[in-house]
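One file, target_29.txt, carrying compact mmCIF, C-alpha atoms and all ligand atoms:
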# COMPACT_ATOMS: atom_id res chain seq x y z
CA MET Q 796 10.80 0.95 7.22
CA GLU Q 797 12.79 -1.79 8.91
CA ILE Q 798 10.79 -3.15 11.85
CA SER Q 799 14.02 -3.27 13.87
CA ASN Q 800 13.49 0.49 14.36
CA LEU Q 801 9.93 0.18 15.62
CA LYS Q 802 8.42 0.11 19.08
CA ILE Q 803 5.20 -1.83 18.66
CA GLY Q 804 2.09 -2.16 20.83
CA LEU Q 805 0.53 -5.58 20.21
CA ALA Q 806 -3.16 -5.55 21.15
CA VAL Q 807 -4.46 -9.10 21.45
CA THR Q 808 -8.23 -9.72 21.32
CA GLY Q 809 -10.43 -12.78 21.81
CA SER Q 810 -10.05 -14.65 18.54
CA PHE Q 811 -8.85 -17.57 20.59
CA CYS Q 812 -8.45 -20.19 17.87
CA THR Q 813 -6.34 -17.77 15.81
CA LEU Q 814 -4.32 -16.69 18.84
CA SER Q 815 -3.33 -20.27 19.58
CA THR Q 816 -1.88 -20.61 16.06
CA ILE Q 817 0.10 -17.35 15.83
CA LEU Q 818 2.43 -17.57 18.81
CA ASP Q 819 5.42 -18.30 16.56
CA TYR Q 820 4.60 -15.18 14.55
CA ILE Q 821 4.44 -13.10 17.74
CA ARG Q 822 7.86 -14.53 18.56
CA GLU Q 823 9.16 -13.58 15.11
CA LEU Q 824 7.81 -10.04 15.56
CA SER Q 825 9.36 -9.73 19.02
CA GLN Q 826 12.74 -10.94 17.80
CA ASN Q 827 12.78 -8.47 14.91
CA ALA Q 828 11.19 -5.31 16.33
CA ALA Q 829 12.90 -2.85 18.67
CA ASP Q 830 10.29 -3.66 21.31
CA VAL Q 831 6.86 -5.31 21.50
CA VAL Q 832 4.52 -4.54 24.40
CA PRO Q 833 1.36 -6.65 24.71
CA ILE Q 834 -2.05 -5.09 25.37
CA PHE Q 835 -4.68 -7.60 26.46
CA ALA Q 836 -8.39 -7.40 25.73
CA GLU Q 837 -10.58 -8.15 28.75
CA SER Q 838 -11.65 -11.35 26.98
CA VAL Q 839 -8.05 -12.58 26.69
CA ALA Q 840 -7.12 -11.48 30.21
CA ASN Q 841 -10.14 -13.15 31.84
CA MET Q 842 -11.66 -15.95 29.75
CA ASP Q 843 -10.48 -19.52 30.17
CA THR Q 844 -11.26 -21.23 26.88
CA ARG Q 845 -10.86 -24.67 25.38
CA PHE Q 846 -7.57 -23.42 23.93
CA SER Q 847 -5.99 -22.19 27.15
CA PRO Q 848 -6.57 -20.77 30.63
CA ALA Q 849 -6.41 -16.95 30.52
CA ASP Q 850 -3.42 -16.76 32.86
CA GLU Q 851 -1.43 -19.21 30.78
CA ILE Q 852 -1.85 -17.43 27.44
CA THR Q 853 -1.23 -13.93 28.83
CA GLN Q 854 1.87 -15.05 30.72
CA LEU Q 855 3.18 -16.85 27.64
CA ILE Q 856 2.77 -13.73 25.48
CA GLU Q 857 4.46 -11.63 28.16
CA LYS Q 858 7.32 -14.11 28.20
CA ILE Q 859 7.63 -14.14 24.39
CA THR Q 860 7.66 -10.34 24.16
CA GLY Q 861 9.65 -9.80 27.34
CA ASN Q 862 7.19 -7.16 28.53
CA THR Q 863 4.36 -6.97 31.05
CA GLY Q 864 1.00 -6.49 29.34
CA ILE Q 865 -1.26 -3.45 29.49
CA LYS Q 866 -4.50 -4.72 31.02
CA ASN Q 867 -6.68 -1.76 31.88
CA ILE Q 868 -8.17 1.33 30.25
CA GLN Q 869 -6.22 3.71 32.49
CA GLN Q 870 -2.90 2.31 31.24
CA ALA Q 871 -4.15 2.20 27.64
CA GLU Q 872 -5.17 5.85 27.80
CA ARG Q 873 -1.51 6.85 28.35
CA ILE Q 874 -0.44 5.36 24.99
CA GLY Q 875 -1.19 8.56 23.03
CA PRO Q 876 -0.02 11.22 25.50
CA ASP Q 877 3.21 9.29 26.23
CA LYS Q 878 3.74 8.48 22.51
CA MET Q 879 4.43 4.92 23.62
CA PHE Q 880 4.43 3.18 20.22
CA ASP Q 881 5.44 3.84 16.61
CA ILE Q 882 2.84 1.32 15.49
CA LEU Q 883 -0.13 -0.28 17.21
CA ALA Q 884 -1.00 -3.75 15.89
CA VAL Q 885 -4.36 -5.31 16.79
CA ILE Q 886 -3.62 -8.97 16.13
CA PRO Q 887 -5.75 -10.99 16.22
CA CYS Q 888 -8.68 -8.57 15.98
CA THR Q 889 -12.17 -9.94 16.64
CA GLY Q 890 -15.27 -8.84 14.74
CA ASN Q 891 -16.40 -7.25 18.00
CA THR Q 892 -13.33 -5.03 18.39
CA LEU Q 893 -13.28 -4.22 14.67
CA ALA Q 894 -16.89 -3.03 14.85
CA LYS Q 895 -16.18 -0.88 17.90
CA ILE Q 896 -13.16 0.77 16.26
CA ALA Q 897 -15.22 1.50 13.14
CA LEU Q 898 -17.99 3.06 15.24
CA GLY Q 899 -15.72 5.03 17.57
CA ILE Q 900 -16.66 3.07 20.68
CA THR Q 901 -14.00 3.15 23.41
CA ASP Q 902 -15.23 0.95 26.24
CA THR Q 903 -12.45 -1.66 26.26
CA VAL Q 904 -8.68 -1.76 26.81
CA VAL Q 905 -7.96 -2.34 23.12
CA THR Q 906 -10.36 0.25 21.70
CA MET Q 907 -8.95 2.78 24.17
CA ALA Q 908 -5.44 1.88 23.02
CA VAL Q 909 -6.42 2.41 19.37
CA LYS Q 910 -8.12 5.74 20.03
CA SER Q 911 -5.25 7.00 22.15
CA HIS Q 912 -2.61 5.95 19.56
CA LEU Q 913 -4.57 7.39 16.61
CA ARG Q 914 -4.68 10.83 18.19
CA ASN Q 915 -1.01 11.15 17.18
CA SER Q 916 -1.87 10.13 13.57
CA ARG Q 917 0.34 7.07 13.92
CA PRO Q 918 -0.40 3.80 12.07
CA VAL Q 919 -2.65 1.01 13.35
CA VAL Q 920 -2.33 -2.46 11.78
CA ILE Q 921 -5.30 -4.82 12.07
CA GLY Q 922 -5.13 -8.60 11.71
CA ALA Q 923 -8.83 -9.37 11.52
CA SER Q 924 -10.24 -12.84 12.03
CA SER Q 925 -13.97 -13.40 12.28
CA ASN Q 926 -16.73 -15.60 10.91
CA ASP Q 927 -18.83 -12.56 9.99
CA LEU Q 928 -16.37 -10.29 8.15
CA LEU Q 929 -18.18 -10.99 4.88
CA GLY Q 930 -21.55 -10.76 6.67
CA ALA Q 931 -22.70 -8.61 9.60
CA ASN Q 932 -19.25 -7.04 9.94
CA ALA Q 933 -18.58 -6.38 6.24
CA LYS Q 934 -19.78 -2.79 6.57
CA ASN Q 935 -17.36 -2.17 9.46
CA LEU Q 936 -14.49 -3.67 7.51
CA GLY Q 937 -15.43 -1.36 4.62
CA THR Q 938 -15.51 1.63 6.94
CA LEU Q 939 -12.04 0.89 8.30
CA LEU Q 940 -10.59 0.26 4.84
CA ASN Q 941 -11.48 3.89 4.19
CA PHE Q 942 -9.93 5.23 7.44
CA LYS Q 943 -6.67 7.16 7.45
CA ASN Q 944 -3.78 5.49 9.35
CA ILE Q 945 -5.44 2.05 9.46
CA TYR Q 946 -3.86 -0.85 7.57
CA PHE Q 947 -4.80 -4.52 7.29
CA VAL Q 948 -2.77 -7.68 7.31
CA PRO Q 949 -3.89 -9.28 3.99
CA LEU Q 950 -7.07 -11.33 4.34
CA PHE Q 951 -8.24 -14.61 2.88
CA GLN Q 952 -11.31 -16.84 3.10
CA ASP Q 953 -10.14 -19.40 5.66
CA ASP Q 954 -12.90 -21.94 4.98
CA ALA Q 955 -15.05 -20.76 2.08
CA LEU Q 956 -17.19 -23.90 1.90
CA ASN Q 957 -18.06 -24.33 5.58
CA LYS Q 958 -17.82 -20.71 6.82
CA GLU Q 959 -18.80 -18.66 3.80
CA LYS Q 960 -18.85 -15.29 5.63
CA SER Q 961 -15.49 -15.83 7.32
CA LEU Q 962 -12.21 -14.01 6.67
CA SER Q 963 -8.88 -14.29 8.42
CA PHE Q 964 -5.47 -12.66 8.04
CA LYS Q 965 -2.24 -14.25 6.85
CA PRO Q 966 0.01 -14.43 9.93
CA GLU Q 967 3.13 -14.87 7.79
CA LEU Q 968 2.52 -11.32 6.47
CA ILE Q 969 2.39 -9.57 9.88
CA CYS Q 970 5.99 -8.26 9.77
CA LYS Q 971 5.75 -7.14 6.13
CA THR Q 972 2.43 -5.35 6.75
CA ILE Q 973 3.85 -3.51 9.76
CA SER Q 974 6.95 -2.53 7.83
CA LYS Q 975 4.85 -1.06 4.97
CA ALA Q 976 2.39 0.63 7.33
CA ALA Q 977 5.31 2.42 9.02
CA ASP Q 978 5.90 4.02 5.60
CA GLY Q 979 2.20 4.91 5.27
CA LYS Q 980 1.43 2.17 2.75
CA GLN Q 981 -0.93 -0.81 2.65
CA LEU Q 982 0.79 -4.12 1.86
CA GLN Q 983 -0.70 -5.51 -1.36
CA PRO Q 984 -2.46 -7.59 -2.48
CA LEU Q 985 -4.91 -6.95 0.35
CA LEU Q 986 -6.83 -10.09 -0.60
CA ALA Q 987 -4.37 -12.94 -0.20
CA ARG Q 988 -4.81 -16.53 -1.33
C1 LIG V 1001 -13.20 -20.23 21.91
C2 LIG V 1001 -13.63 -18.91 21.33
C3 LIG V 1001 -13.13 -18.53 20.09
C4 LIG V 1001 -13.52 -17.30 19.53
N1 LIG V 1001 -13.02 -16.95 18.32
C5 LIG V 1001 -13.37 -15.77 17.76
C6 LIG V 1001 -12.83 -15.37 16.50
O1 LIG V 1001 -12.01 -16.06 15.88
N2 LIG V 1001 -13.23 -14.19 16.00
C7 LIG V 1001 -14.12 -13.37 16.64
O2 LIG V 1001 -14.45 -12.31 16.11
N3 LIG V 1001 -14.65 -13.72 17.85
C8 LIG V 1001 -14.28 -14.89 18.42
N4 LIG V 1001 -14.80 -15.26 19.64
C9 LIG V 1001 -15.74 -14.37 20.31
C10 LIG V 1001 -15.06 -13.25 21.08
O3 LIG V 1001 -14.11 -13.77 22.01
C11 LIG V 1001 -16.15 -12.41 21.81
O4 LIG V 1001 -16.95 -11.75 20.82
C12 LIG V 1001 -15.56 -11.39 22.76
O5 LIG V 1001 -16.63 -10.67 23.37
C13 LIG V 1001 -14.68 -10.43 22.00
O6 LIG V 1001 -14.21 -9.42 22.85
P1 LIG V 1001 -12.90 -8.61 22.41
O7 LIG V 1001 -13.15 -8.09 21.03
O8 LIG V 1001 -12.76 -7.50 23.41
O9 LIG V 1001 -11.77 -9.58 22.47
C14 LIG V 1001 -14.43 -16.46 20.22
C15 LIG V 1001 -14.90 -16.86 21.49
C16 LIG V 1001 -14.51 -18.06 22.03
C17 LIG V 1001 -15.01 -18.44 23.40
Give the structure from this file in structure tokens form.
Amino acid sequence: MEISNLKIGLAVTGSFCTLSTILDYIRELSQNAADVVPIFAESVANMDTRFSPADEITQLIEKITGNTGIKNIQQAERIGPDKMFDILAVIPCTGNTLAKIALGITDTVVTMAVKSHLRNSRPVVIGASSNDLLGANAKNLGTLLNFKNIYFVPLFQDDALNKEKSLSFKPELICKTISKAADGKQLQPLLAR
């Protein structure tokens, strides 16, 4: 499906180094989709990091998307009942949030957003980026690969020699993955180069 028809929730979690490199891709998504509404993890909304103060990055993403972000669990809970989005994209998705989704834990803004959206059997797209996806989090990745309505932006080993358990997604494939997921299909190959 053309992404120009899609209203997208973009849940942003605390993979800060990735986040700082994908702003142009968030812009591309916002320019092409019908609407993109940011949803901020508590980490992104509150943590000043070496990459950016929290206020700066959240305001920049709000400016790029043209929408005020969802920042609390009460707002995120409305996503399902109000059928707010055609697709929910969790990009970037930390190992922490990925593990919680796999285990059905709903104690954060983003995990609440995912649970609420999934109740309508609508697609969730995950752009995972974590140093432990081939280690401690491999079992959670495996669990989610087997979940209905969950799709992944293709993954690659971002630094196989120095971070041998690390995987990250290909940001240039975000739009294509979302487009396929809207048709109920996983963009292939799942393991990118
Ligand atoms: C500078 C910085 C960079 C980080 N990068 C990542 C990352 O790429 N992937 C990841 O899984 N966690 C990363 N973390 C850790 C998460 O931010 C941390 O686990 C946080 O509790 C995740 O919460 P969230 O999943 O709600 O965003 C990073 C933390 C900091 C301070």
Practice prompt. May I have the residues within 12 Å of Gln983 in chain Q as a ChimeraX atom specification, using only C-alpha atoms and disregarding those fewer than 6 positions away in the same chain?
Written response: /Q:946-950,968,971-972,975-976
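Between ligand LIG 1001 (chain V) and the candidates Q:Gly864, Q:Gly890, Q:Gly804, Q:Gly875, the tightest atom-to-atom separation, counting only C-alpha atoms and all ligand atoms, involves Q:Gly890.
In this structure, CA of Ala955 in chain Q sits 21.6 Å away from CA of Ile886 in chain Q.
Of the residues under consideration (Q:Leu940, Q:Ala806, Q:Ala894, Q:Val904), Q:Val904 shows the shortest atom-to-atom contact distance to Arg873 in chain Q when counting all atoms listed in the file.
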6 Å shell around ligand LIG 1001 (chain V) using all atoms listed in the file, listed as a count of residues only
16
Please determine an axis-aligned box that encloses all atoms of range 806-823 of chain Q listed in the file, with 5 Å added on each side, and express its centre and edge lengths in Å to one decimal as AutoDock Vina command-line options.
--center_x -0.6 --center_y -13.1 --center_z 18.2 --size_x 29.6 --size_y 25.1 --size_z 17.3
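Our summary of the geometry notes that CA of Leu855 in chain Q is positioned 13.6 Å from CA of Val831 in chain Q.
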Exercise for review: Find the residues near Ile882 in chain Q: any atom within 6 Å, counting only C-alpha atoms, skip ones fewer than 5 places away on the same chain, and give them as JSON, numbers by chain.
Suggested key: {"Q": [803, 918, 919]}
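Nearest to Arg822 in chain Q of all the residues Q:Ile874, Q:Ile856, Q:Leu956, Q:Val905 is Q:Ile856, counting only C-alpha atoms.
Proximity to Ala908 in chain Q was assessed for Q:Leu982, Q:Leu928, Q:Ile817, Q:Ala871 counting only C-alpha atoms; the smallest distance is recorded for Q:Ala871.
Across the structure, CA of Asn800 in chain Q and CA of Ser911 in chain Q are spaced 21.3 Å apart.
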Using only C-alpha atoms, the shortest atom-to-atom distance to Lys910 in chain Q among Q:Ile896, Q:Lys960, Q:Ala884, Q:Lys858 belongs to Q:Ile896
Take range 856-881 of chain Q, bring it up to N, CA and C atoms, and give me the output as a tab-separated table (two decimals), in the coordinates of the input.
chain	number	residue	atom	x	y	z
Q	856	ILE	N	2.52	-14.87	26.38
Q	856	ILE	CA	2.77	-13.73	25.48
Q	856	ILE	C	3.70	-12.72	26.15
Q	857	GLU	N	3.54	-12.53	27.44
Q	857	GLU	CA	4.46	-11.63	28.16
Q	857	GLU	C	5.88	-12.18	28.12
Q	858	LYS	N	5.99	-13.50	28.24
Q	858	LYS	CA	7.32	-14.11	28.20
Q	858	LYS	C	7.94	-13.97	26.80
Q	859	ILE	N	7.13	-14.23	25.77
Q	859	ILE	CA	7.63	-14.14	24.39
Q	859	ILE	C	8.10	-12.72	24.07
Q	860	THR	N	7.31	-11.73	24.50
Q	860	THR	CA	7.66	-10.34	24.16
Q	860	THR	C	8.66	-9.74	25.14
Q	861	GLY	N	8.75	-10.34	26.32
Q	861	GLY	CA	9.65	-9.80	27.34
Q	861	GLY	C	9.10	-8.57	28.04
Q	862	ASN	N	7.80	-8.34	27.91
Q	862	ASN	CA	7.19	-7.16	28.53
Q	862	ASN	C	5.89	-7.52	29.24
Q	863	THR	N	5.63	-6.83	30.35
Q	863	THR	CA	4.36	-6.97	31.05
Q	863	THR	C	3.25	-6.33	30.21
Q	864	GLY	N	2.10	-6.99	30.17
Q	864	GLY	CA	1.00	-6.49	29.34
Q	864	GLY	C	0.24	-5.34	29.95
Q	865	ILE	N	-0.32	-4.49	29.08
Q	865	ILE	CA	-1.26	-3.45	29.49
Q	865	ILE	C	-2.62	-4.13	29.61
Q	866	LYS	N	-3.28	-3.95	30.77
Q	866	LYS	CA	-4.50	-4.72	31.02
Q	866	LYS	C	-5.68	-3.87	31.46
Q	867	ASN	N	-5.51	-2.56	31.50
Q	867	ASN	CA	-6.68	-1.76	31.88
Q	867	ASN	C	-6.76	-0.46	31.06
Q	868	ILE	N	-7.93	0.15	31.08
Q	868	ILE	CA	-8.17	1.33	30.25
Q	868	ILE	C	-7.30	2.50	30.70
Q	869	GLN	N	-7.05	2.60	32.01
Q	869	GLN	CA	-6.22	3.71	32.49
Q	869	GLN	C	-4.82	3.65	31.89
Q	870	GLN	N	-4.23	2.44	31.85
Q	870	GLN	CA	-2.90	2.31	31.24
Q	870	GLN	C	-2.97	2.56	29.73
Q	871	ALA	N	-4.02	2.05	29.09
Q	871	ALA	CA	-4.15	2.20	27.64
Q	871	ALA	C	-4.32	3.66	27.25
Q	872	GLU	N	-4.94	4.43	28.10
Q	872	GLU	CA	-5.17	5.85	27.80
Q	872	GLU	C	-3.86	6.62	27.70
Q	873	ARG	N	-2.80	6.14	28.36
Q	873	ARG	CA	-1.51	6.85	28.35
Q	873	ARG	C	-0.75	6.66	27.03
Q	874	ILE	N	-1.20	5.70	26.21
Q	874	ILE	CA	-0.44	5.36	24.99
Q	874	ILE	C	-0.24	6.59	24.10
Q	875	GLY	N	-1.28	7.37	23.89
Q	875	GLY	CA	-1.19	8.56	23.03
Q	875	GLY	C	-0.37	9.67	23.67
Q	876	PRO	N	-0.76	10.14	24.87
Q	876	PRO	CA	-0.02	11.22	25.50
Q	876	PRO	C	1.47	10.90	25.70
Q	877	ASP	N	1.80	9.66	26.01
Q	877	ASP	CA	3.21	9.29	26.23
Q	877	ASP	C	3.91	8.86	24.94
Q	878	LYS	N	3.17	8.91	23.81
Q	878	LYS	CA	3.74	8.48	22.51
Q	878	LYS	C	4.49	7.15	22.68
Q	879	MET	N	3.78	6.17	23.23
Q	879	MET	CA	4.43	4.92	23.62
Q	879	MET	C	4.89	4.06	22.44
Q	880	PHE	N	4.12	4.11	21.32
Q	880	PHE	CA	4.43	3.18	20.22
Q	880	PHE	C	4.53	3.90	18.88
Q	881	ASP	N	5.42	3.36	18.00
Q	881	ASP	CA	5.44	3.84	16.61
Q	881	ASP	C	4.26	3.27	15.85
